[in-house]
file model-v1.cif (mmCIF, C-alpha atoms)
data_start
#
loop_
_atom_site.label_atom_id
_atom_site.label_comp_id
_atom_site.auth_asym_id
_atom_site.auth_seq_id
_atom_site.Cartn_x
_atom_site.Cartn_y
_atom_site.Cartn_z
CA MET A 6 37.22 166.97 94.59
CA LEU A 7 37.85 163.44 93.37
CA VAL A 8 39.46 164.71 90.14
CA MET A 9 41.75 167.05 92.09
CA ARG A 10 42.85 164.21 94.40
CA VAL A 11 43.56 161.97 91.40
CA ARG A 12 45.65 164.72 89.76
CA SER A 13 47.57 165.28 92.99
CA THR A 14 48.30 161.59 93.30
CA LEU A 15 49.49 161.44 89.67
CA ARG A 16 51.81 164.43 90.18
CA HIS A 17 53.22 162.81 93.32
CA TRP A 18 54.01 159.50 91.59
CA ARG A 19 55.38 161.35 88.49
CA ALA A 20 57.80 163.27 90.75
CA ARG A 21 58.92 160.05 92.45
CA ALA A 22 59.48 158.37 89.06
CA GLU A 23 61.59 161.32 87.86
CA ALA A 24 63.64 161.16 91.06
CA TRP A 25 64.29 157.45 90.57
CA ALA A 26 65.23 158.09 86.94
CA ARG A 27 67.76 160.72 88.03
CA ARG A 28 69.24 158.28 90.56
CA VAL A 29 69.55 155.55 87.92
CA ALA A 30 71.22 158.03 85.57
CA VAL A 31 73.71 158.97 88.26
CA LEU A 32 74.46 155.32 88.92
CA ASN A 33 74.90 154.62 85.22
CA HIS A 34 77.14 157.66 84.94
CA ARG A 35 79.26 156.41 87.82
CA ASP A 36 79.53 153.00 86.19
CA ALA A 37 80.64 154.50 82.85
CA VAL A 38 84.22 153.64 81.88
CA LEU A 39 86.23 155.56 79.30
CA ARG A 40 88.34 153.15 77.25
CA VAL A 41 91.23 154.68 75.31
CA SER A 42 93.29 152.86 72.69
CA VAL A 43 96.60 154.54 71.81
CA GLY A 44 98.25 153.69 68.49
CA PRO A 45 101.42 155.03 66.87
CA SER A 46 99.59 158.13 65.61
CA LEU A 47 95.91 157.75 66.51
CA VAL A 48 93.99 157.79 69.80
CA ARG A 49 90.57 156.17 69.91
CA ALA A 50 88.22 156.72 72.86
CA ALA A 51 84.89 155.08 73.71
CA VAL A 52 82.50 155.19 76.67
CA ILE A 53 81.11 151.82 77.67
CA ARG A 54 78.10 151.76 79.99
CA GLY A 55 76.27 148.55 80.80
CA GLY A 56 78.25 146.62 78.18
CA ALA A 57 77.23 148.97 75.33
CA VAL A 58 79.21 151.73 73.62
CA THR A 59 77.41 155.04 74.21
CA TRP A 60 80.03 157.43 72.82
CA ALA A 61 83.17 157.17 70.67
CA ALA A 62 85.75 159.55 69.22
CA GLU A 63 89.28 159.55 67.82
CA SER A 64 92.11 162.01 67.35
CA GLU A 65 95.60 162.05 65.91
CA TRP A 66 98.69 162.81 67.94
CA SER A 67 102.38 163.35 67.28
CA GLY A 68 104.65 163.75 70.25
CA ASP A 69 104.40 163.26 73.98
CA ALA A 70 102.98 166.72 74.73
CA ASP A 71 100.41 166.32 71.96
CA LEU A 72 99.40 162.91 73.39
CA GLU A 73 98.84 164.48 76.82
CA GLU A 74 96.64 167.23 75.30
CA THR A 75 94.78 164.70 73.17
CA ILE A 76 93.84 162.58 76.19
CA ALA A 77 92.64 165.66 78.10
CA ARG A 78 90.69 166.99 75.05
CA LEU A 79 88.89 163.68 74.44
CA ALA A 80 87.93 163.51 78.12
CA ALA A 81 86.55 167.05 77.91
CA GLU A 82 84.40 166.10 74.89
CA LEU A 83 82.51 163.43 76.81
CA PRO A 84 78.73 164.03 76.85
CA GLN A 85 78.80 163.22 80.55
CA PRO A 86 82.11 163.47 82.42
CA GLY A 87 83.40 160.07 83.48
CA ARG A 88 85.50 159.08 86.43
CA ARG A 89 87.58 156.10 85.27
CA VAL A 90 89.75 155.44 82.24
CA THR A 91 91.59 152.35 81.00
CA VAL A 92 94.26 152.64 78.33
CA THR A 93 95.47 149.97 75.89
CA LEU A 94 98.60 150.38 73.80
CA GLU A 95 98.84 149.05 70.26
CA ARG A 96 101.88 147.84 68.36
CA PRO A 97 104.46 149.02 67.44
CA LEU A 98 104.06 151.55 70.26
CA VAL A 99 104.28 148.65 72.69
CA GLN A 100 106.73 145.76 72.35
CA LEU A 101 105.61 142.23 73.32
CA ARG A 102 108.01 139.32 73.79
CA THR A 103 107.66 135.66 74.74
CA ILE A 104 110.72 134.60 76.75
CA GLY A 105 111.38 130.94 77.47
CA ASP A 106 114.94 130.83 78.82
CA LEU A 107 114.41 132.56 82.18
CA PRO A 108 115.08 130.92 85.54
CA PRO A 109 111.93 129.76 87.38
CA VAL A 110 111.63 132.70 89.76
CA ARG A 111 108.53 133.78 91.65
CA ALA A 112 105.87 135.84 89.88
CA LYS A 113 106.72 138.94 91.96
CA VAL A 114 110.42 138.67 91.07
CA LEU A 115 109.87 138.11 87.34
CA PRO A 116 109.17 141.81 86.44
CA GLN A 117 112.34 142.87 88.27
CA LEU A 118 114.36 140.23 86.42
CA VAL A 119 113.05 141.39 83.02
CA ALA A 120 113.56 145.07 83.92
CA ALA A 121 117.18 144.38 84.87
CA GLN A 122 117.82 142.81 81.41
CA TYR A 123 115.52 144.95 79.23
CA ARG A 124 118.34 145.69 76.73
CA ARG A 125 118.46 141.96 76.01
CA PHE A 126 114.76 141.62 75.21
CA PHE A 127 113.54 144.98 73.83
CA ARG A 128 114.54 147.68 71.36
CA ARG A 129 115.70 150.93 72.90
CA ASP A 130 115.90 154.20 70.99
CA GLY A 131 117.77 156.07 73.69
CA ARG A 132 114.65 156.57 75.83
CA PRO A 133 113.89 154.75 79.11
CA LEU A 134 111.43 151.89 78.97
CA VAL A 135 108.65 150.77 81.28
CA THR A 136 108.47 146.97 81.39
CA ASP A 137 106.39 144.24 82.96
CA ALA A 138 106.25 140.44 82.72
CA VAL A 139 104.03 137.57 83.81
CA TRP A 140 104.23 133.80 83.66
CA VAL A 141 101.90 132.09 81.16
CA GLY A 142 101.44 128.50 80.11
CA ASP A 143 102.46 127.44 76.59
CA ASN A 144 101.78 123.78 75.60
CA GLY A 145 102.32 122.54 79.13
CA THR A 146 105.47 124.61 79.71
CA ARG A 147 105.73 127.92 81.50
CA VAL A 148 107.13 130.90 79.62
CA ALA A 149 107.35 134.60 80.42
CA ARG A 150 105.21 137.10 78.52
CA ALA A 151 106.87 140.53 78.67
CA ALA A 152 105.89 143.99 77.41
CA ALA A 153 107.71 147.31 77.16
CA VAL A 154 106.83 150.87 76.19
CA GLU A 155 108.72 154.14 76.24
CA GLN A 156 108.39 155.82 79.63
CA PRO A 157 107.57 159.35 78.27
CA VAL A 158 104.55 157.90 76.45
CA VAL A 159 102.91 156.40 79.55
CA GLU A 160 103.83 159.46 81.60
CA ALA A 161 102.05 161.66 79.03
CA ILE A 162 98.98 159.39 79.24
CA ALA A 163 98.97 159.54 83.05
CA THR A 164 99.40 163.33 83.05
CA GLY A 165 96.58 163.82 80.55
CA ALA A 166 94.21 161.60 82.56
CA ARG A 167 95.13 163.44 85.75
CA ALA A 168 94.54 166.81 84.10
CA ALA A 169 91.10 165.68 82.94
CA GLY A 170 90.19 164.53 86.45
CA LEU A 171 90.06 160.87 85.46
CA LEU A 172 91.15 157.93 87.55
CA LEU A 173 93.68 155.94 85.55
CA VAL A 174 92.75 152.32 86.16
CA ALA A 175 95.34 150.58 84.00
CA ILE A 176 97.69 150.83 81.06
CA ALA A 177 98.13 147.51 79.28
CA PRO A 178 99.11 146.19 75.84
CA ALA A 179 96.24 145.50 73.50
CA ASP A 180 97.35 141.97 72.55
CA GLY A 181 99.02 140.91 75.81
CA PRO A 182 97.75 139.14 78.92
CA GLY A 183 95.44 141.19 81.08
CA ALA A 184 97.82 140.95 84.04
CA LEU A 185 100.48 143.09 82.31
CA SER A 186 100.62 146.63 83.68
CA LEU A 187 102.64 149.43 82.05
CA LEU A 188 101.90 152.22 84.49
CA PRO A 189 104.74 154.76 84.81
CA PRO A 190 107.12 154.35 87.78
CA ALA A 191 105.81 157.47 89.53
CA GLU A 192 102.23 156.15 89.33
CA ARG A 193 103.33 152.77 90.63
CA GLN A 194 105.16 154.37 93.54
CA THR A 195 102.16 156.56 94.32
CA ARG A 196 99.84 153.57 94.28
CA GLY A 197 102.30 151.60 96.39
CA ARG A 198 102.40 154.39 98.97
CA VAL A 199 98.60 154.60 98.94
CA ALA A 200 98.32 150.83 99.35
CA ARG A 201 100.84 150.86 102.20
CA ARG A 202 99.05 153.79 103.81
CA ARG A 203 95.73 151.96 103.53
CA LEU A 204 97.30 148.82 104.93
CA ARG A 205 98.79 150.83 107.78
CA ARG A 206 95.46 152.47 108.53
CA LEU A 207 93.68 149.15 108.30
CA THR A 208 96.24 147.61 110.67
CA ILE A 209 95.87 150.49 113.10
CA ALA A 210 92.08 150.33 112.87
CA THR A 211 92.14 146.57 113.38
CA GLY A 212 94.48 146.92 116.34
CA ALA A 213 92.29 149.66 117.78
CA MET A 214 89.19 147.51 117.34
CA TRP A 215 90.91 144.58 119.04
CA ALA A 216 92.08 146.90 121.83
CA ILE A 217 88.56 148.26 122.26
CA ALA A 218 87.13 144.74 122.19
CA GLY A 219 89.72 143.61 124.73
CA GLY A 220 88.99 146.63 126.92
CA LEU A 221 85.27 145.98 126.72
CA LEU A 222 85.85 142.32 127.55
CA VAL A 223 88.07 143.17 130.51
CA GLY A 224 85.57 145.77 131.66
CA ARG A 225 82.70 143.32 131.36
CA LEU A 226 84.63 140.63 133.23
CA THR A 227 85.56 143.14 135.95
CA TRP A 228 81.94 144.27 136.24
CA GLU A 229 80.72 140.68 136.35
CA ARG A 230 83.30 139.84 139.01
CA ARG A 231 82.30 142.80 141.15
CA HIS A 232 78.64 141.95 140.68
CA VAL A 233 79.25 138.34 141.72
CA GLU A 234 81.32 139.48 144.70
CA ALA A 235 78.55 141.89 145.72
CA VAL A 236 75.94 139.16 145.43
CA LEU A 237 78.10 136.76 147.44
CA ALA A 238 78.71 139.46 150.06
CA SER A 239 74.99 140.12 150.34
CA MET A 240 74.37 136.38 150.69
CA GLU A 241 77.15 135.85 153.25
CA GLU A 242 74.97 136.72 156.26
CA PRO A 243 72.04 134.52 155.17
CA LEU A 244 74.48 131.72 154.35
CA ALA A 245 76.10 132.07 157.77
CA ALA A 246 72.66 131.93 159.37
CA VAL A 247 71.80 128.84 157.32
CA ARG A 248 75.10 127.18 158.28
CA ALA A 249 74.54 128.02 161.97
CA ALA A 250 70.98 126.69 161.77
CA ARG A 251 72.27 123.54 160.12
CA VAL A 252 74.83 123.07 162.89
CA GLU A 253 72.15 123.62 165.52
CA LEU A 254 69.83 121.18 163.75
CA ARG A 255 72.57 118.56 163.67
CA ALA A 256 73.32 119.16 167.34
CA ALA A 257 69.62 118.90 168.17
CA GLU A 258 69.33 115.75 166.09
CA SER A 259 72.32 114.25 167.91
CA ALA A 260 70.79 115.23 171.24
CA VAL A 261 67.45 113.68 170.30
CA VAL A 262 69.16 110.48 169.18
CA ALA A 263 71.21 110.39 172.35
CA MET A 264 68.11 110.94 174.49
CA ARG A 265 66.29 108.24 172.55
CA VAL A 266 69.17 105.82 173.11
CA MET A 267 69.33 106.76 176.77
CA GLU A 268 65.59 106.26 177.16
CA GLU A 269 65.84 102.91 175.42
CA ARG A 270 68.76 101.85 177.64
CA ARG A 271 67.03 103.15 180.70
CA GLY A 272 63.92 101.15 179.87
CA ARG A 273 65.98 98.02 179.29
CA ALA A 274 67.89 98.61 182.51
CA LEU A 275 64.66 99.01 184.50
CA ALA A 276 63.21 95.93 182.82
CA THR A 277 66.32 93.92 183.69
CA LEU A 278 66.22 95.18 187.30
CA GLY A 279 62.52 94.26 187.60
CA ALA A 280 63.13 90.83 186.16
CA ILE A 281 66.02 90.20 188.58
CA ALA A 282 63.90 91.41 191.54
CA ARG A 283 61.06 89.08 190.60
CA ALA A 284 63.36 86.14 190.01
CA LEU A 285 65.34 86.28 193.28
CA PRO A 286 63.85 84.30 196.17
CA ASP A 287 63.04 85.93 199.48
CA SER A 288 66.18 84.46 201.05
CA VAL A 289 68.38 86.52 198.68
CA VAL A 290 68.98 90.26 198.87
CA ALA A 291 70.57 92.18 195.95
CA THR A 292 73.02 94.81 197.14
CA SER A 293 74.42 96.13 193.83
CA LEU A 294 73.82 95.90 190.09
CA VAL A 295 76.05 96.93 187.19
CA TRP A 296 74.35 96.65 183.79
CA THR A 297 75.56 97.45 180.24
CA SER A 298 73.61 98.05 177.07
CA ASP A 299 74.59 94.71 175.56
CA GLY A 300 72.74 92.81 178.33
CA SER A 301 75.83 92.00 180.39
CA GLY A 302 76.30 92.94 183.99
CA VAL A 303 77.35 92.16 187.56
CA LEU A 304 74.95 91.42 190.40
CA GLY A 305 76.13 91.58 193.99
CA GLY A 306 74.12 90.32 196.95
CA VAL A 307 73.79 88.16 200.06
CA GLY A 308 71.61 85.17 200.72
CA ARG A 309 71.22 82.03 202.73
CA ARG A 310 72.62 80.14 199.75
CA ALA A 311 74.38 81.84 196.84
CA ALA A 312 73.53 78.98 194.52
CA ASP A 313 69.81 79.69 195.01
CA ALA A 314 70.27 83.09 193.36
CA VAL A 315 72.01 81.60 190.31
CA VAL A 316 69.41 78.86 189.98
CA ALA A 317 66.53 81.34 190.27
CA LEU A 318 68.02 83.69 187.67
CA GLU A 319 68.68 80.85 185.23
CA ARG A 320 65.28 79.27 185.76
CA THR A 321 63.32 82.50 185.15
CA GLY A 322 65.52 83.73 182.35
CA ALA A 323 65.82 87.17 183.90
CA VAL A 324 69.39 87.40 182.65
CA SER A 325 71.48 85.35 180.24
CA ARG A 326 74.19 82.95 181.40
CA PRO A 327 74.17 83.71 185.15
CA ARG A 328 77.23 82.33 186.95
CA LEU A 329 79.08 82.92 190.18
CA ASP A 330 82.23 84.95 190.02
CA GLY A 331 84.93 84.17 192.52
CA ARG A 332 84.40 82.48 195.85
CA VAL A 333 81.39 82.85 198.08
CA VAL A 334 82.15 84.74 201.32
CA PRO A 335 80.27 83.44 204.39
CA GLU A 336 79.02 86.06 206.83
CA ASN A 337 77.19 85.98 210.17
CA VAL A 338 74.46 88.57 210.42
CA ALA A 339 72.22 88.73 213.52
CA GLY A 340 73.20 85.23 214.55
CA ARG A 341 72.45 83.76 211.11
CA ASP A 342 74.81 82.45 208.46
CA TRP A 343 74.73 84.34 205.11
CA GLU A 344 76.77 84.06 201.96
CA ARG A 345 78.01 87.11 200.09
CA PHE A 346 78.32 86.42 196.36
CA THR A 347 78.85 88.02 192.98
CA VAL A 348 77.00 86.84 189.86
CA LEU A 349 78.09 87.62 186.33
CA PHE A 350 75.63 87.43 183.45
CA GLY A 351 75.76 88.02 179.73
CA LYS A 352 79.07 88.25 177.84
CA LEU A 353 80.98 89.92 180.67
CA GLU A 354 84.04 88.09 181.95
CA SER A 355 85.45 88.39 185.45
CA ARG A 356 88.58 90.19 184.29
CA GLU A 357 86.55 92.93 182.50
CA TRP A 358 85.09 94.56 185.54
#

call {"tool": "encode", "arguments": {"input": "model-v1.cif", "output": "C-alpha cells"}}
result
Amino acid sequence: MLVMRVRSTLRHWRARAEAWARRVAVLNHRDAVLRVSVGPSLVRAAVIRGGAVTWAAESEWSGDADLEETIARLAAELPQPGRRVTVTLERPLVQLRTIGDLPPVRAKVLPQLVAAQYRRFFRRDGRPLVTDAVWVGDNGTRVARAAAVEQPVVEAIATGARAAGLLLVAIAPADGPGALSLLPPAERQTRGRVARRRLRRLTIATGAMWAIAGGLLVGRLTWERRHVEAVLASMEEPLAAVRAARVELRAAESAVVAMRVMEERRGRALATLGAIARALPDSVVATSLVWTSDGSGVLGGVGRRAADAVVALERTGAVSRPRLDGRVVPENVAGRDWERFTVLFGKLESREW
C-alpha cells in the first residue's frame, strides 16, 4: 500500500512538472522574435529567444515578388511559428544621410520636411521612396539623420510578413538610429487608424467610467440625503417633544423663581409690618402701609402726636430713615384731638408715590 501511494504521488508531481514545462515553452514561444536582415540580394533570418539565437537561415532574392515569397518561406521554415518580426535593411538597399542645413523644426515635422525634399537628399531610380528622419546630436550641434528605401521593397516585406501571419514590428536601417522607421505608407496609415481607434475607444471608455462614477456619486449622495431626511423626519416628533418639555421646564423654573421671590418679599413685608407694629406706641394707630422690595414704603396713621410715631420708628430701627411727609392734619375723634400723618421711610421720596 505504501509503495502504491508513493508511486501515485510521484506520477502526480511528474504530471504537474510536465504541465509547467509546457507553460514555460508556450511563454518562451510567445517571447520569440524573428529578426530579418535584408541585403541587396540576400535575406538572413534568426530567431532570438531569451537573448540567445535558437534558429537561423538565409536565402537569396531578386525582385520584389521574390522578396515577398522569401520572407514567407523563411517564416514557414521556423521550428516553432513565431508571432513578431523585425526587419533591418542593409546598404546600398537603404540610403542614409546626415543633413545639417535644415531649419530647426519640431521632431514631428522633420520627417515631412525631408519627404517633401527627398529628391535633394536621396538617389531616385524612377521608383517612389519611403523616407524618415530624426534629430541627433553631433559634437554639441543638432543634425538630421535621414533614411530612404524604395517603396516596393518595404511593401513586399510587409506583404510577406502578413502572408506568413507575422506581426511586423518595425522596418529600420541597419546602421541608422533606432528611432528611424521605414514602414510603407499603407502600414503607417493602418497603424495610425488603429491608434486613433484605440484612442477613441479609450476616450469613450474613460468618459463612460467617469459618467458611471458620477452617476454612482450622485446616486449615493441622493440616497444619503434621503436617508438623512428620513432620520430627521423620524426624529422630528421626539425633538418637538424635547423642545416642548424644555419650554415647560423653563416656564416651571421661572414660576419657581417667581414664587421664591414672592415668598421672600412676603416674608420681608411681614417682618417689616411686625417690626412697625411693635415699634409704634399705644397712642398711635397705623391705618395703611405701602412697602416695596427695596425696603422703602409709606406708613399712614393717626396718633396723639405724629412725632411720637417717627421717634419710635427711628429709635427701634423698624424702618430706615423715617420722616414725616407733608403737613400733619389735626382731627377730633370722640372729643379727643388726634393728628393724621404720613411717614416715608427708605429711599422713597414724596413725589414718587

call {"tool": "residues_near_point", "arguments": {"input": "model-v1.cif", "point": "(95.0, 151.9, 72.2)", "cutoff": "8 Å", "atoms": "only C-alpha atoms", "output": "MDAnalysis selection string"}}
result
chainID A and resid 41:44 48:49 92:95 178:179

call {"tool": "resolve_selection", "arguments": {"input": "model-v1.cif", "expression": "the PyMOL selection byres ((chain A and resi 77) around 12)", "output": "number ranges by chain"}}
result
A: 41, 48, 50, 64, 70-76, 78-83, 86, 90, 161-171

call {"tool": "resolve_selection", "arguments": {"input": "model-v1.cif", "expression": "the PyMOL selection byres ((chain A and resi 273) around 12)", "output": "PyMOL selection string"}}
result
chain A and resi 266-272+274-280+296-301+323-324

call {"tool": "closest_residue", "arguments": {"input": "model-v1.cif", "among": "A:Ile104, A:Val159, A:Asp180, A:Thr321", "to": "A:Thr146", "atoms": "all atoms listed in the file"}}
result
A:Ile104

call {"tool": "resolve_selection", "arguments": {"input": "model-v1.cif", "expression": "the PyMOL selection byres ((chain A and resi 345-354) around 9)", "output": "VMD selection string"}}
result
chain A and resid 299 to 311 314 to 315 324 to 336 343 to 344 355 to 358

call {"tool": "atom_distance", "arguments": {"input": "model-v1.cif", "atom1": "atom CA of A:Arg96", "atom2": "atom CA of A:Pro157"}}
result
16.2 Å

call {"tool": "atom_distance", "arguments": {"input": "model-v1.cif", "atom1": "atom CA of A:Asp69", "atom2": "atom CA of A:Asp137"}}
result
21.1 Å

call {"tool": "atom_distance", "arguments": {"input": "model-v1.cif", "atom1": "atom CA of A:Arg203", "atom2": "atom CA of A:Ala152"}}
result
29.1 Å
